[in-house]
Every structure is written in C-alpha cells, then in structure tokens.
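A.B. asks: Mind having a look at this structure? Questions to follow.
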Amino acid sequence: MADEGVDVSAVGVPTRNGFKNGYNSYKNGQTNQEAKHQNGCSKNGKNGLPPKIHPKPFEMFEQTPLLIAVLTYLGYGILILFGHLHDLMCQLGMTKPPVATETVKEVNLLAENSTASIWPHTIIWDLPKMKAHVLKQAKLTTKQYGCGVCSSRHELGNLAIHKELEDLLAEFVGTEAAITFGMGFATNSLNMPTLVGKGCLILSDELNHASLVLGSRLSGASIRVFKHNSMKDLEDKLRNAVIFGQPRTHRPWKKILIVVEGIFSMEGSIVNLPDIIALKKKYRAYLYLDEAHSIGALGPDGRGVVNYYNCDPSDVDVMMGTFTKSFGGAGGYIAGSKKLINYLRASSHSCCYASSLPGPVVAQILTSMKIIMGKDGTDDGMKRICQLAWNTRYFRRRLHEMGFIVYGSSDSPVIPVLIYCPGKIASFSRFCYERGLAVVVVGFPATPIIESRSRLCLSAAHTKEMLDEALDIIQEIGSKLTMKYSRAPVPSFSEMDPEFRVRYKMLPDTANGKD
C-alpha cells in the first residue's frame, strides 16, 4: 500500500504485508502531493464540508478532587474486606448467594451496545416503518441464503451479498476497497498481526480498546504507548524512533504504525486526527484508525471521524470499523487501498479460518448503510445524523450545567459521567433502574481505580422528551448520592452554536427535539 496517496508504481519494493516503504517519494518528511493541506485535511471539501472547515471540539477531563480520591481508595479497601467476609459466610452456610428476580417490563435505554449509534434503536423504539423495511430485507435474504454460511470466505462462505456490502462500504468511507469480517473484536486482534511483525514499531494510545492492545501484542512488534491524545508525546516517541531505530542494533524500524480510535469508547473523546495525520506524514509512519464507535455517528454525513474533520480518507492507511453499533448488525471491516485489501483477503487469519457474516446480517447492514447514504431515496438518514448530533450537544450541556463531571468531547455521543466512589456505582444504576432508566456503570479494573463512571450512549431515536426525562432522573439521583463534584466553569458550547448549525443542515426543531 503506498503511503500518502503516492503512486504505487513510484515507490519502493513491497514488503511482505502489502505495505510499501515509500521513503524515496518524500522530501523532508513531507509528501510531494500538493492537493492536500499540511495537516492532512482536504482542500476541496470532498467529504461534503466547505473547504478549510476543521472543527475544534471542546474537550474536558476535570481532575479528580483530592477528598473524593481519598474516599474512593478507602471505599475500595472496605469493599474488599466485606467481600472476603461475605465469601467466608457463604462457605460456612451463614448466607446464600443472590438469585435473579422478576424485572420490570419497560425501561428507557441509554445503554452500552448502542454506543454512539443510530440504527440499533430503530428496532427497539417505535419506528414501525423503518423496522418493517429493515426486517423485510433480512427476511428475503434469509430465504435466499439461509441463516448462516458455516464456512470461511476462502471456501464456501463468499456470497454475492458480501461483495455488494464491501463495494458499498468502500464508497461510504471513501477508500479504494474494503473487506468484512464476522467479528468486530477479531477484526483488530487477528488482522494487526498480519500487518506488522518483528522489527516493526507500534505507537498506541494509552486508552486504546482491548482488541487493539491484544492485536498489538500478538503481532510480535515492539509497542510504545503515548499519552492519550497528546501530540507532543506522540511526536517525541516518533522522533526518537526515527533517530535511534531498533534497540541494540539501531537499525531503522521496518514500519512505524500509529494506532488510535476515532471515539475512545470509555472516555468519550475524539481523536485529534488532523494533527496525527500531519505527524504521520512528517515522520513517514502509517496510521491505523479504529472507527468502531464513530462510523455512522460522527460527521455531517455520518461517515466517521474522517468526515468529521473533513480529512482525506487516503491519508488513513488502515481504516477499521464495526457493524455492531451504528448499523445494528455484527462483524467488522477494514478499508484502504486495493493492495492492502487484497493482501488481507489472502493472508488474514480472520478471513482464512473464521466463518463469514450471515446473509441476513449483511442485509441488515446494507439496508442501514443505504439509508445513511440516502440511497433509499429519502433524507431520513441525514435527519438521523443531525438528530444524534443535536442530542449529543444538548445532553452534554445539560449535564455540565447540573454540576456533574463529564468526560470527553462536545460532539461525542459517548458520555461518561464520573461516579468515583465504589459504593455509589451499584446505587446509581439501581436507583435509575427503579425509575425506569437503564444505564451502564463501569468501575475498576475497566477504568482507573478512582475514575468509576456511568457511560451513557445516545441514539438518534432519543427524542428531546426522552432526554429530558432521563436528565431529570439523573439529576435526582445525582443529588441523592452527592455526585455533583464539578468545580469547573460551565462550558460555553451549545447545540445553538452557529458553526455547529452550519455543519449540520437538517437539525431538529429545538422546541421539541423532533423533525
């Protein structure tokens, strides 16, 4: 795969994994292609944005108050002590483990598996027209191809509908080609070892998903971790890698691969993509972008963080994503150059040995993607993209105004609300559930020990009335549990910002939150 959009025929000898080094096509670390900005973003607005519009989302990571940190550590100590005591009592027959009981039949959902998404809720909520359309396509595909293929893509599992999805996906994300896989987690963990190996260097964001961490370890490449979204730390590590090379031998690294996410799933922050592209070009590295939580949710066209920043998709060497969030399906994909995709098709463990996507799931993904792209003949997809963007800003602004510590970027639909104390984690979830609101709470070891949180994830199907009801419940429980720790000034961003309203042309009526 040629880096930085350089002509394949002009670069060096291909390496074993489909990449080319391309070093002789650069001058002073910059590409000779003059059609792009130095920061890696497109001049011509090809992703649907006006030229030179690069949003700078507000981002906040308020420091944990000292008293709360001390109480949190103390709380975990007491929790561990009582846990051991409970285990002892169970062994002595003095108490019994808890058993499941009957639950309520209906709750409002701000939950995990619909992270930053649009389409899963089109089935959950009362949208009969959309539901009927999606289910009709899935039913027809089931009759044609059956419920599953029971084979890998290299044997009997390669269907015409897979090719249709990959062609549409490449068009959607703006790359030459794409390949799909049956499992999102395996898309990272089993393909990264195919792309890099011994003698290569991976520069990984410290908050990358477990699938990226596992894939990096399985690859056998050297791994160095840089501070979350810190361009200074990333550049320092890139510079040192170029200057000093490999340990002991000081030979140049075969490849340097920067690995980041579009939206970081636990922090709710958006990657600083333009600056990372600039650094990648300057130091002749490669970029692996995981868009699992951003594809279908970010950008005026819903095409992910590349679309959000109006960058050129060709500047991202490996563009990965999943179908489990915004498309309501299963599996994952990798998009990039034809050379990269052909190599993965032949060499990827996930393609060679794993079962391919079932036909009905592919039909669900195709239908959802066509709606987002407007290929169904309606503007419903665009309305949903704008609705989700409006919901995100509105919900985040209200939480900040209430006094909660909220992590992440202003345009990220993944919204972590900090809880801290371990005793409040289960209480917050239980009290919300009793009032008809289902939330996801996360604690150590999934988060740092003093940063337990509730991760709220919004959908385009949430109306303003739903959000207001959820906010009222959260405010009540937050006051009851004394969770309003924030001492920072209320951020100034809003769903009424002129720049925001210019980027999203079909925003809902702010009076009722509906189109």
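Quick note on naming: the chains in the structure tokens go A, B, ... in the order shown, residues restart at 1 in each chain, and ligands are numbered from 1 in order of appearance.
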What's the 10 Å shell around stretch 498-501 of chain A, counting only C-alpha atoms, without same-chain residues fewer than 5 positions away, as an MDAnalysis selection string?

C.D. replies: chainID A and resid 53 55 300 386 389:390 393 411 493 506:507

A.B. asks: Include all heavy atoms and write out the residues we just selected as a PDB file, in the first residue's frame.

C.D. replies:
```pdb
ATOM      1  N   ILE A  53     -12.832  23.877   6.712  1.00  0.00           N
ATOM      2  CA  ILE A  53     -13.578  23.834   7.967  1.00  0.00           C
ATOM      3  C   ILE A  53     -13.108  22.620   8.748  1.00  0.00           C
ATOM      4  O   ILE A  53     -13.355  21.488   8.353  1.00  0.00           O
ATOM      5  CB  ILE A  53     -15.098  23.770   7.720  1.00  0.00           C
ATOM      6  CG1 ILE A  53     -15.594  25.094   7.153  1.00  0.00           C
ATOM      7  CG2 ILE A  53     -15.829  23.455   9.017  1.00  0.00           C
ATOM      8  CD1 ILE A  53     -17.091  25.158   6.969  1.00  0.00           C
ATOM      9  N   PRO A  55     -13.386  21.411  12.554  1.00  0.00           N
ATOM     10  CA  PRO A  55     -13.945  21.715  13.871  1.00  0.00           C
ATOM     11  C   PRO A  55     -12.943  21.430  14.981  1.00  0.00           C
ATOM     12  O   PRO A  55     -12.125  20.521  14.882  1.00  0.00           O
ATOM     13  CB  PRO A  55     -15.154  20.776  13.963  1.00  0.00           C
ATOM     14  CG  PRO A  55     -14.829  19.655  13.032  1.00  0.00           C
ATOM     15  CD  PRO A  55     -14.055  20.276  11.907  1.00  0.00           C
ATOM     16  N   PRO A 300     -20.945  15.358   9.377  1.00  0.00           N
ATOM     17  CA  PRO A 300     -22.202  15.797   8.750  1.00  0.00           C
ATOM     18  C   PRO A 300     -22.849  14.741   7.871  1.00  0.00           C
ATOM     19  O   PRO A 300     -24.054  14.772   7.641  1.00  0.00           O
ATOM     20  CB  PRO A 300     -21.767  17.018   7.920  1.00  0.00           C
ATOM     21  CG  PRO A 300     -20.503  17.478   8.541  1.00  0.00           C
ATOM     22  CD  PRO A 300     -19.826  16.259   9.052  1.00  0.00           C
ATOM     23  N   CYS A 386     -28.184  14.271  11.962  1.00  0.00           N
ATOM     24  CA  CYS A 386     -28.324  15.593  12.589  1.00  0.00           C
ATOM     25  C   CYS A 386     -29.009  15.496  13.948  1.00  0.00           C
ATOM     26  O   CYS A 386     -28.657  16.226  14.886  1.00  0.00           O
ATOM     27  CB  CYS A 386     -29.105  16.521  11.655  1.00  0.00           C
ATOM     28  SG  CYS A 386     -28.245  16.894  10.105  1.00  0.00           S
ATOM     29  N   ALA A 389     -26.425  14.376  16.445  1.00  0.00           N
ATOM     30  CA  ALA A 389     -25.502  15.471  16.769  1.00  0.00           C
ATOM     31  C   ALA A 389     -26.150  16.466  17.725  1.00  0.00           C
ATOM     32  O   ALA A 389     -25.520  16.937  18.682  1.00  0.00           O
ATOM     33  CB  ALA A 389     -25.063  16.175  15.481  1.00  0.00           C
ATOM     34  N   TRP A 390     -27.423  16.784  17.482  1.00  0.00           N
ATOM     35  CA  TRP A 390     -28.137  17.719  18.364  1.00  0.00           C
ATOM     36  C   TRP A 390     -28.330  17.101  19.751  1.00  0.00           C
ATOM     37  O   TRP A 390     -28.118  17.763  20.774  1.00  0.00           O
ATOM     38  CB  TRP A 390     -29.493  18.066  17.754  1.00  0.00           C
ATOM     39  CG  TRP A 390     -30.214  19.167  18.478  1.00  0.00           C
ATOM     40  CD1 TRP A 390     -30.156  20.495  18.198  1.00  0.00           C
ATOM     41  CD2 TRP A 390     -31.089  19.017  19.607  1.00  0.00           C
ATOM     42  NE1 TRP A 390     -30.945  21.193  19.088  1.00  0.00           N
ATOM     43  CE2 TRP A 390     -31.526  20.323  19.962  1.00  0.00           C
ATOM     44  CE3 TRP A 390     -31.535  17.932  20.340  1.00  0.00           C
ATOM     45  CZ2 TRP A 390     -32.399  20.535  21.021  1.00  0.00           C
ATOM     46  CZ3 TRP A 390     -32.396  18.149  21.402  1.00  0.00           C
ATOM     47  CH2 TRP A 390     -32.817  19.435  21.737  1.00  0.00           C
ATOM     48  N   ARG A 393     -24.975  17.286  21.883  1.00  0.00           N
ATOM     49  CA  ARG A 393     -24.639  18.593  22.466  1.00  0.00           C
ATOM     50  C   ARG A 393     -25.628  18.994  23.552  1.00  0.00           C
ATOM     51  O   ARG A 393     -25.229  19.520  24.601  1.00  0.00           O
ATOM     52  CB  ARG A 393     -24.586  19.651  21.367  1.00  0.00           C
ATOM     53  CG  ARG A 393     -23.370  19.530  20.464  1.00  0.00           C
ATOM     54  CD  ARG A 393     -22.902  20.888  19.995  1.00  0.00           C
ATOM     55  NE  ARG A 393     -21.576  20.828  19.419  1.00  0.00           N
ATOM     56  CZ  ARG A 393     -20.833  21.903  19.175  1.00  0.00           C
ATOM     57  NH1 ARG A 393     -21.300  23.110  19.465  1.00  0.00           N
ATOM     58  NH2 ARG A 393     -19.631  21.784  18.651  1.00  0.00           N
ATOM     59  N   ASP A 411     -18.843  16.804  20.914  1.00  0.00           N
ATOM     60  CA  ASP A 411     -19.606  16.167  19.839  1.00  0.00           C
ATOM     61  C   ASP A 411     -19.601  14.651  19.919  1.00  0.00           C
ATOM     62  O   ASP A 411     -20.045  13.975  18.978  1.00  0.00           O
ATOM     63  CB  ASP A 411     -19.066  16.609  18.475  1.00  0.00           C
ATOM     64  CG  ASP A 411     -19.327  18.082  18.198  1.00  0.00           C
ATOM     65  OD1 ASP A 411     -20.410  18.564  18.592  1.00  0.00           O
ATOM     66  OD2 ASP A 411     -18.465  18.755  17.615  1.00  0.00           O
ATOM     67  N   PHE A 493     -20.022  25.638  24.967  1.00  0.00           N
ATOM     68  CA  PHE A 493     -20.572  25.042  23.741  1.00  0.00           C
ATOM     69  C   PHE A 493     -22.075  24.816  23.899  1.00  0.00           C
ATOM     70  O   PHE A 493     -22.594  24.661  25.003  1.00  0.00           O
ATOM     71  CB  PHE A 493     -19.860  23.731  23.405  1.00  0.00           C
ATOM     72  CG  PHE A 493     -20.212  22.583  24.313  1.00  0.00           C
ATOM     73  CD1 PHE A 493     -21.323  21.794  24.078  1.00  0.00           C
ATOM     74  CD2 PHE A 493     -19.421  22.279  25.412  1.00  0.00           C
ATOM     75  CE1 PHE A 493     -21.661  20.734  24.905  1.00  0.00           C
ATOM     76  CE2 PHE A 493     -19.733  21.224  26.242  1.00  0.00           C
ATOM     77  CZ  PHE A 493     -20.847  20.456  25.999  1.00  0.00           C
ATOM     78  N   MET A 506     -29.728  19.711   8.694  1.00  0.00           N
ATOM     79  CA  MET A 506     -31.081  19.260   8.970  1.00  0.00           C
ATOM     80  C   MET A 506     -31.280  18.997  10.455  1.00  0.00           C
ATOM     81  O   MET A 506     -31.813  17.981  10.870  1.00  0.00           O
ATOM     82  CB  MET A 506     -31.397  17.994   8.160  1.00  0.00           C
ATOM     83  CG  MET A 506     -31.225  18.184   6.671  1.00  0.00           C
ATOM     84  SD  MET A 506     -31.649  16.705   5.713  1.00  0.00           S
ATOM     85  CE  MET A 506     -33.417  16.660   5.972  1.00  0.00           C
ATOM     86  N   LEU A 507     -30.852  19.955  11.277  1.00  0.00           N
ATOM     87  CA  LEU A 507     -31.025  19.818  12.719  1.00  0.00           C
ATOM     88  C   LEU A 507     -32.495  19.865  13.083  1.00  0.00           C
ATOM     89  O   LEU A 507     -33.300  20.549  12.430  1.00  0.00           O
ATOM     90  CB  LEU A 507     -30.274  20.934  13.451  1.00  0.00           C
ATOM     91  CG  LEU A 507     -28.746  20.817  13.435  1.00  0.00           C
ATOM     92  CD1 LEU A 507     -28.107  22.092  13.961  1.00  0.00           C
ATOM     93  CD2 LEU A 507     -28.281  19.628  14.255  1.00  0.00           C
TER      94      LEU A 507
END
```

A.B. asks: Using DSSP on the backbone coordinates, identify all residues within stretch 267-296 of chain A classified as strand (DSSP E); present the result as an NGL selection string.

C.D. replies: :A and (286-290)

A.B. asks: May I have the residues within 12 Å of A:Phe181 as JSON, numbers by chain, using only C-alpha atoms and disregarding those fewer than 6 positions away in the same chain?

C.D. replies: {"A": [152, 153, 157, 158, 162, 165, 166, 187, 188, 189, 190, 191, 320, 321, 322, 323, 324, 329, 330, 331, 332, 333, 334, 335, 344, 345, 348, 349, 350, 351, 352, 353, 354, 355, 356, 357, 358, 361, 362]}

A.B. asks: Hey, what does DSSP flag as alpha helix (DSSP H) within stretch 121-328 of chain A? Can you give it to me as a VMD selection string?

C.D. replies: chain A and resid 121 to 124 128 to 145 160 to 173 184 to 189 192 to 195 210 to 219 231 to 244 273 to 282 305 to 308

A.B. asks: Rank A:Arg398, A:Ser410, A:Lys484, A:Pro252 by their smallest atom-to-atom distance to A:Ala470, using only C-alpha atoms, and report the top residue only.

C.D. replies: A:Arg398

A.B. asks: Give me, as a ChimeraX atom specification, all polymer residues having an atom no more than 7 Å from stretch 254-261 of chain A, counting only C-alpha atoms and skipping those fewer than 6 positions away in the same chain.

C.D. replies: /A:199-205,208,271,285-291

A.B. asks: Just to be explicit: take each residue in the selection above, keep all heavy atoms, and write the result as a compact mmCIF listing (two decimals), in the first residue's frame.

C.D. replies:
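Wrote it out as selection_37.txt, contents follow:
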```
# COMPACT_ATOMS: atom_id res chain seq x y z
N GLY A 199 10.45 -6.42 14.24
CA GLY A 199 11.18 -5.37 13.55
C GLY A 199 10.33 -4.15 13.25
O GLY A 199 10.85 -3.16 12.70
N CYS A 200 9.04 -4.21 13.58
CA CYS A 200 8.14 -3.06 13.41
C CYS A 200 7.85 -2.43 14.77
O CYS A 200 8.01 -3.05 15.81
CB CYS A 200 6.83 -3.49 12.76
SG CYS A 200 7.04 -4.21 11.12
N LEU A 201 7.41 -1.19 14.75
CA LEU A 201 7.09 -0.46 15.98
C LEU A 201 5.65 0.00 15.93
O LEU A 201 5.20 0.58 14.93
CB LEU A 201 8.01 0.76 16.14
CG LEU A 201 7.70 1.68 17.32
CD1 LEU A 201 7.90 0.97 18.66
CD2 LEU A 201 8.54 2.95 17.25
N ILE A 202 4.90 -0.27 17.01
CA ILE A 202 3.53 0.22 17.17
C ILE A 202 3.51 1.31 18.22
O ILE A 202 3.99 1.11 19.34
CB ILE A 202 2.58 -0.93 17.57
CG1 ILE A 202 2.45 -1.95 16.45
CG2 ILE A 202 1.21 -0.38 17.95
CD1 ILE A 202 1.61 -3.16 16.82
N LEU A 203 2.99 2.47 17.86
CA LEU A 203 2.77 3.56 18.80
C LEU A 203 1.28 3.61 19.10
O LEU A 203 0.48 3.96 18.24
CB LEU A 203 3.26 4.89 18.22
CG LEU A 203 4.77 4.99 17.95
CD1 LEU A 203 5.11 6.32 17.31
CD2 LEU A 203 5.55 4.79 19.24
N SER A 204 0.90 3.22 20.30
CA SER A 204 -0.50 3.02 20.66
C SER A 204 -0.94 4.02 21.71
O SER A 204 -0.23 4.25 22.71
CB SER A 204 -0.69 1.59 21.19
OG SER A 204 -2.02 1.35 21.59
N ASP A 205 -2.11 4.62 21.51
CA ASP A 205 -2.69 5.50 22.52
C ASP A 205 -2.96 4.71 23.80
O ASP A 205 -3.39 3.55 23.74
CB ASP A 205 -4.00 6.10 22.00
CG ASP A 205 -4.53 7.22 22.88
OD1 ASP A 205 -5.03 6.91 24.00
OD2 ASP A 205 -4.46 8.38 22.48
N ASN A 208 -6.43 2.92 24.17
CA ASN A 208 -6.98 2.11 23.09
C ASN A 208 -7.74 0.90 23.62
O ASN A 208 -7.48 0.40 24.71
CB ASN A 208 -5.85 1.62 22.17
CG ASN A 208 -5.49 2.64 21.11
OD1 ASN A 208 -6.26 3.55 20.81
ND2 ASN A 208 -4.31 2.50 20.53
N VAL A 271 -10.46 11.59 18.63
CA VAL A 271 -9.04 11.65 18.29
C VAL A 271 -8.73 12.95 17.54
O VAL A 271 -9.55 13.46 16.78
CB VAL A 271 -8.65 10.43 17.44
CG1 VAL A 271 -9.33 10.47 16.08
CG2 VAL A 271 -7.14 10.34 17.30
N ALA A 285 5.32 7.58 8.88
CA ALA A 285 4.73 6.44 9.58
C ALA A 285 3.44 6.04 8.89
O ALA A 285 3.01 6.65 7.90
CB ALA A 285 4.48 6.81 11.05
N TYR A 286 2.79 5.01 9.43
CA TYR A 286 1.49 4.55 8.94
C TYR A 286 0.45 4.76 10.03
O TYR A 286 0.78 4.82 11.22
CB TYR A 286 1.55 3.08 8.54
CG TYR A 286 2.49 2.79 7.40
CD1 TYR A 286 3.78 2.31 7.65
CD2 TYR A 286 2.10 2.99 6.08
CE1 TYR A 286 4.64 2.04 6.61
CE2 TYR A 286 2.97 2.73 5.04
CZ TYR A 286 4.24 2.26 5.30
OH TYR A 286 5.10 2.00 4.26
N LEU A 287 -0.80 4.86 9.64
CA LEU A 287 -1.88 5.15 10.58
C LEU A 287 -2.95 4.08 10.53
O LEU A 287 -3.49 3.77 9.46
CB LEU A 287 -2.49 6.53 10.27
CG LEU A 287 -3.68 6.96 11.12
CD1 LEU A 287 -3.33 6.99 12.60
CD2 LEU A 287 -4.18 8.34 10.68
N TYR A 288 -3.27 3.52 11.70
CA TYR A 288 -4.36 2.54 11.86
C TYR A 288 -5.44 3.22 12.70
O TYR A 288 -5.22 3.54 13.87
CB TYR A 288 -3.82 1.30 12.57
CG TYR A 288 -4.77 0.12 12.64
CD1 TYR A 288 -4.54 -1.04 11.90
CD2 TYR A 288 -5.89 0.14 13.47
CE1 TYR A 288 -5.39 -2.13 11.98
CE2 TYR A 288 -6.75 -0.94 13.55
CZ TYR A 288 -6.49 -2.07 12.81
OH TYR A 288 -7.34 -3.15 12.89
N LEU A 289 -6.61 3.42 12.11
CA LEU A 289 -7.70 4.14 12.77
C LEU A 289 -8.87 3.21 13.02
O LEU A 289 -9.43 2.63 12.09
CB LEU A 289 -8.15 5.32 11.90
CG LEU A 289 -9.36 6.12 12.38
CD1 LEU A 289 -9.05 6.81 13.71
CD2 LEU A 289 -9.78 7.15 11.33
N ASP A 290 -9.24 3.06 14.29
CA ASP A 290 -10.39 2.24 14.68
C ASP A 290 -11.62 3.13 14.82
O ASP A 290 -11.71 3.94 15.74
CB ASP A 290 -10.08 1.54 16.02
CG ASP A 290 -11.22 0.64 16.49
OD1 ASP A 290 -12.34 0.77 15.98
OD2 ASP A 290 -10.98 -0.20 17.38
N GLU A 291 -12.57 2.97 13.88
CA GLU A 291 -13.78 3.80 13.87
C GLU A 291 -14.99 3.04 14.40
O GLU A 291 -16.12 3.34 14.01
CB GLU A 291 -14.05 4.29 12.44
CG GLU A 291 -13.02 5.28 11.92
CD GLU A 291 -13.66 6.56 11.42
OE1 GLU A 291 -14.34 7.21 12.23
OE2 GLU A 291 -13.49 6.89 10.24
```

A.B. asks: Just checking: using only C-alpha atoms, which residue out of A:Met373, A:Pro422, A:Gln475, A:Leu67 ends up closest to A:Pro445?

C.D. replies: A:Pro422

A.B. asks: For stretch 215-220 of chain A, please output as an NGL selection string all residues within 7 Å (counting only C-alpha atoms; exclusion window: fewer than 3 positions along the same chain).

C.D. replies: :A and (188-190 or 192-193 or 196-198 or 211-212)

A.B. asks: Excluding A:Val242 and any residue of its chain fewer than 2 positions from it, enumerate the residues within 8 Å of it, using only C-alpha atoms, and give them as number ranges by chain.

C.D. replies: A: 238-240, 244-245, 252-253, 283

A.B. asks: Calculated over only C-alpha atoms, which of the candidates A:Phe185, A:Phe444, A:Tyr394, A:Phe172 has the smallest distance to A:Asp497?

C.D. replies: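 Residue with the minimum atom-to-atom distance to A:Asp497: A:Tyr394.
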
A.B. asks: Please indicate the distance in Å from atom CA of A:Ile295 to atom CA of A:Lys325, rounded to one decimal place.

C.D. replies: 8.5 Å

A.B. asks: Please provide as a list in words all residues within 8 Å of stretch 69-76 of chain A, with the sequence filter that same-chain residues fewer than 4 positions apart are discarded (counting only C-alpha atoms).

C.D. replies: Thr64, Pro65, Ile80, Tyr420, Cys421, Pro422, Gly423, Ile449 and Ile450 of chain A

A.B. asks: What does the structure give for the distance between atom CA of A:Glu476 and atom CA of A:Lys424, in Å to one decimal?

C.D. replies: 13.9 Å

A.B. asks: Do you have the atom CA of A:Phe395-atom CA of A:Pro416 distance handy?

C.D. replies: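 Distance between the two atoms: 11.6 Å.
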